[in-house]
>>> print(open('entry25.cif').read())   # mmCIF, C-alpha atoms
data_coords
#
loop_
_atom_site.label_atom_id
_atom_site.label_comp_id
_atom_site.auth_asym_id
_atom_site.auth_seq_id
_atom_site.Cartn_x
_atom_site.Cartn_y
_atom_site.Cartn_z
CA MET J 1 9.99 62.63 0.00
CA ARG J 2 12.51 59.74 0.02
CA SER J 3 12.42 57.25 -2.85
CA LYS J 4 10.95 53.81 -2.12
CA ALA J 5 13.20 52.12 -4.67
CA PRO J 6 15.79 50.71 -2.20
CA LEU J 7 13.00 49.29 -0.01
CA LEU J 8 11.36 47.71 -3.06
CA LEU J 9 14.64 46.26 -4.21
CA MET J 10 15.34 44.84 -0.77
CA GLU J 11 11.88 43.30 -0.57
CA GLN J 12 12.25 41.71 -4.00
CA LEU J 13 15.65 40.36 -3.11
CA ILE J 14 14.35 38.78 0.08
CA MET J 15 11.33 37.35 -1.71
CA VAL J 16 13.50 35.81 -4.43
CA LEU J 17 15.56 34.13 -1.70
CA VAL J 18 12.43 32.90 0.10
CA PHE J 19 11.00 31.58 -3.15
CA ALA J 20 14.26 29.82 -4.04
CA LEU J 21 14.37 28.18 -0.63
CA ALA J 22 10.73 27.06 -0.74
CA ALA J 23 11.07 25.87 -4.34
CA ALA J 24 14.15 23.82 -3.46
CA VAL J 25 12.28 22.10 -0.61
CA CYS J 26 9.18 21.50 -2.74
CA VAL J 27 11.18 20.17 -5.70
CA GLN J 28 12.83 17.70 -3.32
CA ALA J 29 9.37 16.59 -2.19
CA PHE J 30 8.35 16.12 -5.85
CA VAL J 31 11.50 14.12 -6.57
CA LEU J 32 10.85 11.92 -3.52
CA SER J 33 7.25 11.38 -4.64
CA ASP J 34 8.45 10.42 -8.11
CA ARG J 35 10.99 7.96 -6.69
CA ILE J 36 8.43 6.30 -4.41
CA SER J 37 5.91 6.13 -7.23
CA ARG J 38 8.41 4.49 -9.61
CA ARG J 39 9.41 1.98 -6.93
CA SER J 40 5.77 1.10 -6.23
CA ALA J 41 5.03 0.69 -9.93
CA ALA J 42 8.13 -1.50 -10.38
CA ARG J 43 7.07 -3.69 -7.47
CA ASP J 44 3.50 -3.95 -8.75
CA GLN J 45 4.84 -5.19 -12.09
CA ALA J 46 7.24 -7.55 -10.32
CA VAL J 47 4.40 -9.03 -8.23
CA ILE J 48 2.33 -9.68 -11.36
CA ALA J 49 5.31 -11.19 -13.22
CA ALA J 50 6.30 -13.41 -10.27
CA GLU J 51 2.72 -14.58 -9.71
CA SER J 52 2.32 -15.33 -13.39
CA MET J 53 5.55 -17.33 -13.53
CA ALA J 54 4.62 -19.26 -10.38
CA GLU J 55 1.24 -20.23 -11.85
CA GLN J 56 2.81 -21.26 -15.17
CA TRP J 57 5.32 -23.44 -13.33
CA LYS J 58 2.56 -25.04 -11.26
CA ALA J 59 0.44 -25.61 -14.36
CA CYS J 60 3.35 -27.51 -15.94
CA GLY J 61 3.67 -29.76 -12.89
CA GLY J 62 6.81 -28.05 -11.65
CA ASP J 63 8.75 -28.68 -14.86
CA ALA J 64 10.65 -25.49 -15.71
CA ALA J 65 11.75 -26.73 -19.15
CA LYS J 66 8.19 -27.60 -20.10
CA ALA J 67 6.95 -24.27 -18.79
CA ALA J 68 9.64 -22.38 -20.73
CA ALA J 69 8.66 -24.24 -23.91
CA ALA J 70 5.00 -23.37 -23.37
CA TYR J 71 5.24 -19.81 -22.04
CA GLY J 72 8.59 -18.52 -23.27
CA GLY J 73 11.90 -17.69 -21.67
CA SER J 74 15.05 -19.70 -21.34
CA VAL J 75 16.22 -22.43 -18.98
CA GLU J 76 19.82 -22.81 -17.90
CA GLN J 77 20.89 -25.19 -15.15
CA GLY J 78 17.38 -25.32 -13.70
CA LEU J 79 16.98 -21.53 -13.73
CA TRP J 80 14.04 -20.41 -15.83
CA THR J 81 14.40 -16.76 -16.83
CA LYS J 82 11.92 -14.53 -18.58
CA ASN J 83 11.72 -10.83 -19.33
CA TYR J 84 8.78 -8.66 -18.48
CA ASP J 85 8.09 -4.99 -19.19
CA GLY J 86 9.94 -3.69 -16.17
CA GLY J 87 12.72 -6.23 -15.75
CA GLU J 88 13.48 -9.90 -15.47
CA VAL J 89 11.83 -12.70 -13.52
CA SER J 90 13.49 -15.99 -12.75
CA LEU J 91 12.46 -19.25 -11.15
CA LEU J 92 14.91 -21.59 -9.50
CA GLY J 93 13.57 -25.04 -8.82
CA GLY J 94 14.48 -26.52 -5.48
CA THR J 95 14.71 -30.15 -4.56
CA ASP J 96 11.89 -32.67 -4.34
CA GLU J 97 11.28 -33.58 -0.74
CA GLY J 98 8.55 -35.90 0.50
CA GLY J 99 6.62 -35.70 -2.76
CA LEU J 100 6.73 -31.89 -2.69
CA ARG J 101 8.58 -29.77 -5.25
CA THR J 102 9.47 -26.22 -4.28
CA ALA J 103 10.86 -23.29 -6.21
CA SER J 104 11.70 -19.67 -5.56
CA VAL J 105 10.68 -16.90 -7.91
CA ASP J 106 12.62 -13.63 -7.98
CA ALA J 107 11.70 -10.55 -9.95
CA VAL J 108 14.45 -8.01 -10.58
CA ALA J 109 13.53 -4.59 -11.94
CA ALA J 110 15.53 -3.20 -14.86
CA GLY J 111 18.65 -1.43 -13.61
CA ASP J 112 18.50 -3.13 -10.21
CA THR J 113 20.62 -5.96 -8.94
CA GLU J 114 18.48 -7.06 -6.02
CA ALA J 115 15.11 -8.74 -6.31
CA VAL J 116 12.16 -6.38 -5.97
CA TYR J 117 9.86 -9.24 -5.11
CA SER J 118 10.33 -12.88 -4.19
CA LEU J 119 7.95 -15.78 -3.82
CA THR J 120 8.28 -19.36 -2.70
CA VAL J 121 6.01 -21.71 -4.56
CA ALA J 122 5.32 -25.43 -4.20
CA CYS J 123 3.60 -28.16 -6.15
CA GLN J 124 3.32 -31.94 -6.11
CA ALA J 125 6.36 -33.75 -7.46
CA GLU J 126 4.21 -35.82 -9.80
CA ALA J 127 1.41 -34.56 -11.97
CA GLU J 128 -2.22 -34.75 -10.93
CA SER J 129 -4.03 -37.94 -11.92
CA MET W 1 5.42 60.26 -24.50
CA ARG W 2 7.13 62.44 -21.99
CA GLU W 3 3.92 62.75 -20.02
CA ARG W 4 3.52 59.00 -19.96
CA ARG W 5 7.05 58.44 -18.72
CA GLY W 6 6.50 61.03 -16.09
CA SER W 7 3.31 59.40 -14.81
CA PHE W 8 4.96 55.95 -14.32
CA ALA W 9 4.41 54.71 -10.75
CA PRO W 10 6.63 51.97 -9.31
CA PRO W 11 4.84 48.86 -7.97
CA ALA W 12 3.68 49.19 -4.42
CA VAL W 13 5.86 47.79 -1.67
CA GLY W 14 4.47 44.38 -0.62
CA GLY W 15 3.18 43.38 -4.04
CA SER W 16 6.00 40.95 -4.75
CA SER W 17 5.67 39.54 -1.22
CA LEU W 18 2.04 38.68 -1.88
CA LEU W 19 2.90 37.03 -5.18
CA VAL W 20 5.70 34.97 -3.64
CA ILE W 21 3.54 33.94 -0.69
CA PHE W 22 0.85 32.76 -3.10
CA ALA W 23 3.39 30.86 -5.25
CA VAL W 24 5.02 29.23 -2.22
CA LEU W 25 1.65 28.22 -0.82
CA CYS W 26 0.70 26.64 -4.16
CA LEU W 27 4.01 24.79 -4.36
CA THR W 28 3.70 23.51 -0.80
CA VAL W 29 0.12 22.35 -1.27
CA PHE W 30 0.95 20.50 -4.51
CA ALA W 31 4.06 18.93 -2.98
CA MET W 32 2.07 17.71 0.04
CA LEU W 33 -0.70 16.40 -2.20
CA SER W 34 1.73 14.47 -4.39
CA LEU W 35 3.45 13.01 -1.32
CA ALA W 36 0.12 11.97 0.22
CA THR W 37 -1.02 10.34 -3.04
CA VAL W 38 2.23 8.47 -3.45
CA GLN W 39 2.15 7.24 0.16
CA ALA W 40 -1.39 5.93 -0.36
CA ASP W 41 -0.26 4.20 -3.58
CA ARG W 42 2.66 2.65 -1.74
CA ARG W 43 0.40 1.35 1.04
CA THR W 44 -1.86 -0.24 -1.59
CA ALA W 45 1.13 -1.79 -3.38
CA ASP W 46 2.44 -3.11 -0.03
CA ALA W 47 -0.93 -4.64 0.81
CA SER W 48 -1.19 -6.20 -2.65
CA ALA W 49 2.33 -7.69 -2.48
CA GLN W 50 1.66 -8.97 1.04
CA ALA W 51 -1.63 -10.57 -0.05
CA VAL W 52 0.11 -12.43 -2.89
CA ALA W 53 2.94 -13.56 -0.59
CA ASP W 54 0.41 -14.73 2.03
CA TYR W 55 -1.56 -16.65 -0.58
CA TYR W 56 1.50 -18.49 -1.91
CA ALA W 57 2.68 -19.27 1.63
CA ALA W 58 -0.73 -20.83 2.36
CA ASP W 59 -0.70 -22.57 -1.02
CA ALA W 60 2.73 -24.11 -0.28
CA GLN W 61 1.47 -25.24 3.12
CA ALA W 62 -1.61 -26.83 1.51
CA GLU W 63 0.62 -28.56 -1.05
CA ALA W 64 2.75 -29.91 1.80
CA VAL W 65 -0.36 -31.32 3.51
CA LEU W 66 -1.42 -32.92 0.21
CA ALA W 67 2.04 -34.44 -0.21
CA ARG W 68 1.75 -35.98 3.26
CA LEU W 69 -1.72 -37.32 2.45
CA ARG W 70 -0.31 -38.91 -0.71
CA SER W 71 2.41 -40.55 1.32
CA GLY W 72 -0.27 -42.13 3.55
CA THR W 73 -0.04 -39.85 6.57
CA VAL W 74 -3.06 -37.87 7.70
CA PRO W 75 -1.80 -34.65 9.30
CA GLU W 76 -3.60 -32.89 12.15
CA GLY W 77 -6.51 -30.73 11.10
CA VAL W 78 -7.37 -32.84 8.06
CA GLU W 79 -10.88 -34.25 8.00
CA GLY W 80 -12.27 -37.09 5.95
CA ALA W 81 -11.76 -40.72 5.29
CA GLY W 82 -11.98 -43.21 2.45
CA GLY W 83 -9.77 -41.19 0.18
CA ASP W 84 -11.69 -37.88 0.32
CA PHE W 85 -10.04 -35.32 2.55
CA SER W 86 -10.70 -31.68 3.34
CA TYR W 87 -8.63 -29.13 5.19
CA ALA W 88 -8.15 -25.40 5.46
CA VAL W 89 -5.01 -23.30 5.66
CA PRO W 90 -5.23 -19.70 6.88
CA ILE W 91 -4.08 -17.08 4.38
CA SER W 92 -4.68 -14.01 6.54
CA ASP W 93 -6.96 -12.93 9.38
CA THR W 94 -9.87 -12.72 6.98
CA GLN W 95 -9.12 -15.42 4.42
CA GLU W 96 -8.37 -19.11 4.32
CA LEU W 97 -7.55 -21.62 1.62
CA GLN W 98 -10.09 -24.43 1.64
CA VAL W 99 -8.98 -27.67 0.01
CA GLU W 100 -10.83 -30.87 -0.84
CA VAL W 101 -8.86 -33.69 -2.43
CA ARG W 102 -9.42 -37.27 -3.41
CA VAL W 103 -6.33 -39.34 -2.73
CA ASP W 104 -5.83 -42.82 -4.10
CA GLY W 105 -2.37 -43.95 -3.10
CA ALA W 106 0.07 -41.55 -4.75
CA ASN W 107 -2.57 -40.39 -7.22
CA TYR W 108 -4.78 -37.49 -6.33
CA THR W 109 -7.55 -35.30 -7.68
CA VAL W 110 -8.14 -31.78 -6.47
CA LEU W 111 -11.87 -31.28 -5.94
CA ARG W 112 -11.61 -27.81 -4.45
CA TRP W 113 -8.76 -25.35 -3.99
CA GLN W 114 -10.40 -22.10 -3.05
CA ALA W 115 -9.54 -18.95 -1.15
CA VAL W 116 -12.57 -18.13 0.98
CA SER W 117 -13.31 -15.07 3.07
CA THR W 118 -13.82 -15.88 6.74
CA ALA W 119 -14.59 -12.36 7.92
CA ASP W 120 -18.07 -11.64 9.22
CA TRP W 121 -20.16 -9.97 6.58
CA GLN W 122 -22.52 -7.36 7.90
CA PRO W 123 -24.99 -6.27 5.26
CA ASP W 124 -26.02 -2.63 5.24
CA GLU W 125 -29.78 -2.71 5.68
CA THR W 126 -30.28 0.97 6.20
CA LEU W 127 -31.39 1.47 2.59
CA ASP W 128 -34.88 0.29 1.69
CA VAL W 129 -34.01 -1.53 -1.53
CA TRP W 130 -36.12 -3.85 -3.65
CA ASP W 131 -36.04 -7.36 -2.14
CA GLY W 132 -37.13 -9.16 -5.29
CA GLY W 133 -40.71 -9.69 -4.15
CA GLY W 134 -43.93 -8.09 -5.37
CA GLU W 135 -45.61 -5.08 -3.83
#
>>> encode(input="entry25.cif", output="structure tokens")
Amino acid sequence: MRSKAPLLLMEQLIMVLVFALAAAVCVQAFVLSDRISRRSAARDQAVIAAESMAEQWKACGGDAAKAAAAYGGSVEQGLWTKNYDGGEVSLLGGTDEGGLRTASVDAVAAGDTEAVYSLTVACQAEAES
Amino acid sequence: MRERRGSFAPPAVGGSSLLVIFAVLCLTVFAMLSLATVQADRRTADASAQAVADYYAADAQAEAVLARLRSGTVPEGVEGAGGDFSYAVPISDTQELQVEVRVDGANYTVLRWQAVSTADWQPDETLDVWDGGGE
């Protein structure tokens, strides 16, 4: 009777190759999932940070310096910047036009250069009576 | 000892194939599950970000209408007279921002600034629940 050892060895060799191939594909899928998940989490945080900053700015009547004094952060040349857990959020006040004051809020995740989330916010140029 | 060594049988052909098939199936299922979960999370995050952006776009539009009212102009779609005005700005297909303001020259008071659902609500009356009345 012929030995089955070569057949067994061949089978194991092929199976190791199949497993390696499948594992490589699946690991790539896991890595992609992780990347998408991190991006979604970063954007969720950015949305919350941008919304929060917009509301703080509106509550202070569109005065970035006043808002920075009340809620933290720093103001330089009309740019109010604050850090949050996942990055940095900044508000740049626009011009007053027709009694309306506008500003744009940009949230940039840590390690990124482009804004993850942006908002345009407006309030009345003068405070409510 | 010699007897034991002599009775050693090599694993059957096909055993490793079965194991690898099982492992690959598990890996594939978990990879697909993680991808599906992450895609669902991303859709939720997209919807949430879009909802916030839509709200602030409507809010800016409502502020612009208020600024025009303060300057003495009554834009189209604004109802009211004698200083009390009300108007609505759509946020999405199912929501709108309803505003009521009292304007006195350049001064103003916000009486209402509320996001309201405009979608039809259809209550589920299939369950026989307690209606608050007696027997």
>>> resolve_selection(input="entry25.cif", expression="the PyMOL selection byres ((chain J) within 9 of (chain W))", output="ChimeraX atom specification")
/J:4-5,7-8,11-12,14-16,18-19,22-23,25-30,32-34,36-37,39-41,43-44,47,51,98-100,102,117-129
>>> resolve_selection(input="entry25.cif", expression="the PyMOL selection byres ((chain J and resi 69) around 12)", output="list in words")
Gln56, Trp57, Cys60, Asp63, Ala64, Ala65, Lys66, Ala67, Ala68, Ala70, Tyr71, Gly72, Gly73, Ser74, Val75, Trp80, Thr81 and Lys82 of chain J
>>> closest_residue(input="entry25.cif", among="J:Ala103, J:Ala46, J:Val89, J:Leu79", to="Gly62 (chain J)", atoms="only C-alpha atoms")
J:Ala103
>>> resolve_selection(input="entry25.cif", expression="the PyMOL selection byres ((chain W and resi 86-96) around 9)", output="ChimeraX atom specification")
/W:51,54-59,61-62,65,77-80,84-85,97-102,112,114-120
>>> atom_distance(input="entry25.cif", atom1="CA of Tyr84 (chain J)", atom2="CA of Asp112 (chain J)")
13.9 Å
>>> atom_distance(input="entry25.cif", atom1="CA of Val108 (chain J)", atom2="CA of Ala49 (chain J)")
10.0 Å
>>> atom_distance(input="entry25.cif", atom1="CA of Arg38 (chain J)", atom2="CA of Gly111 (chain J)")
12.5 Å
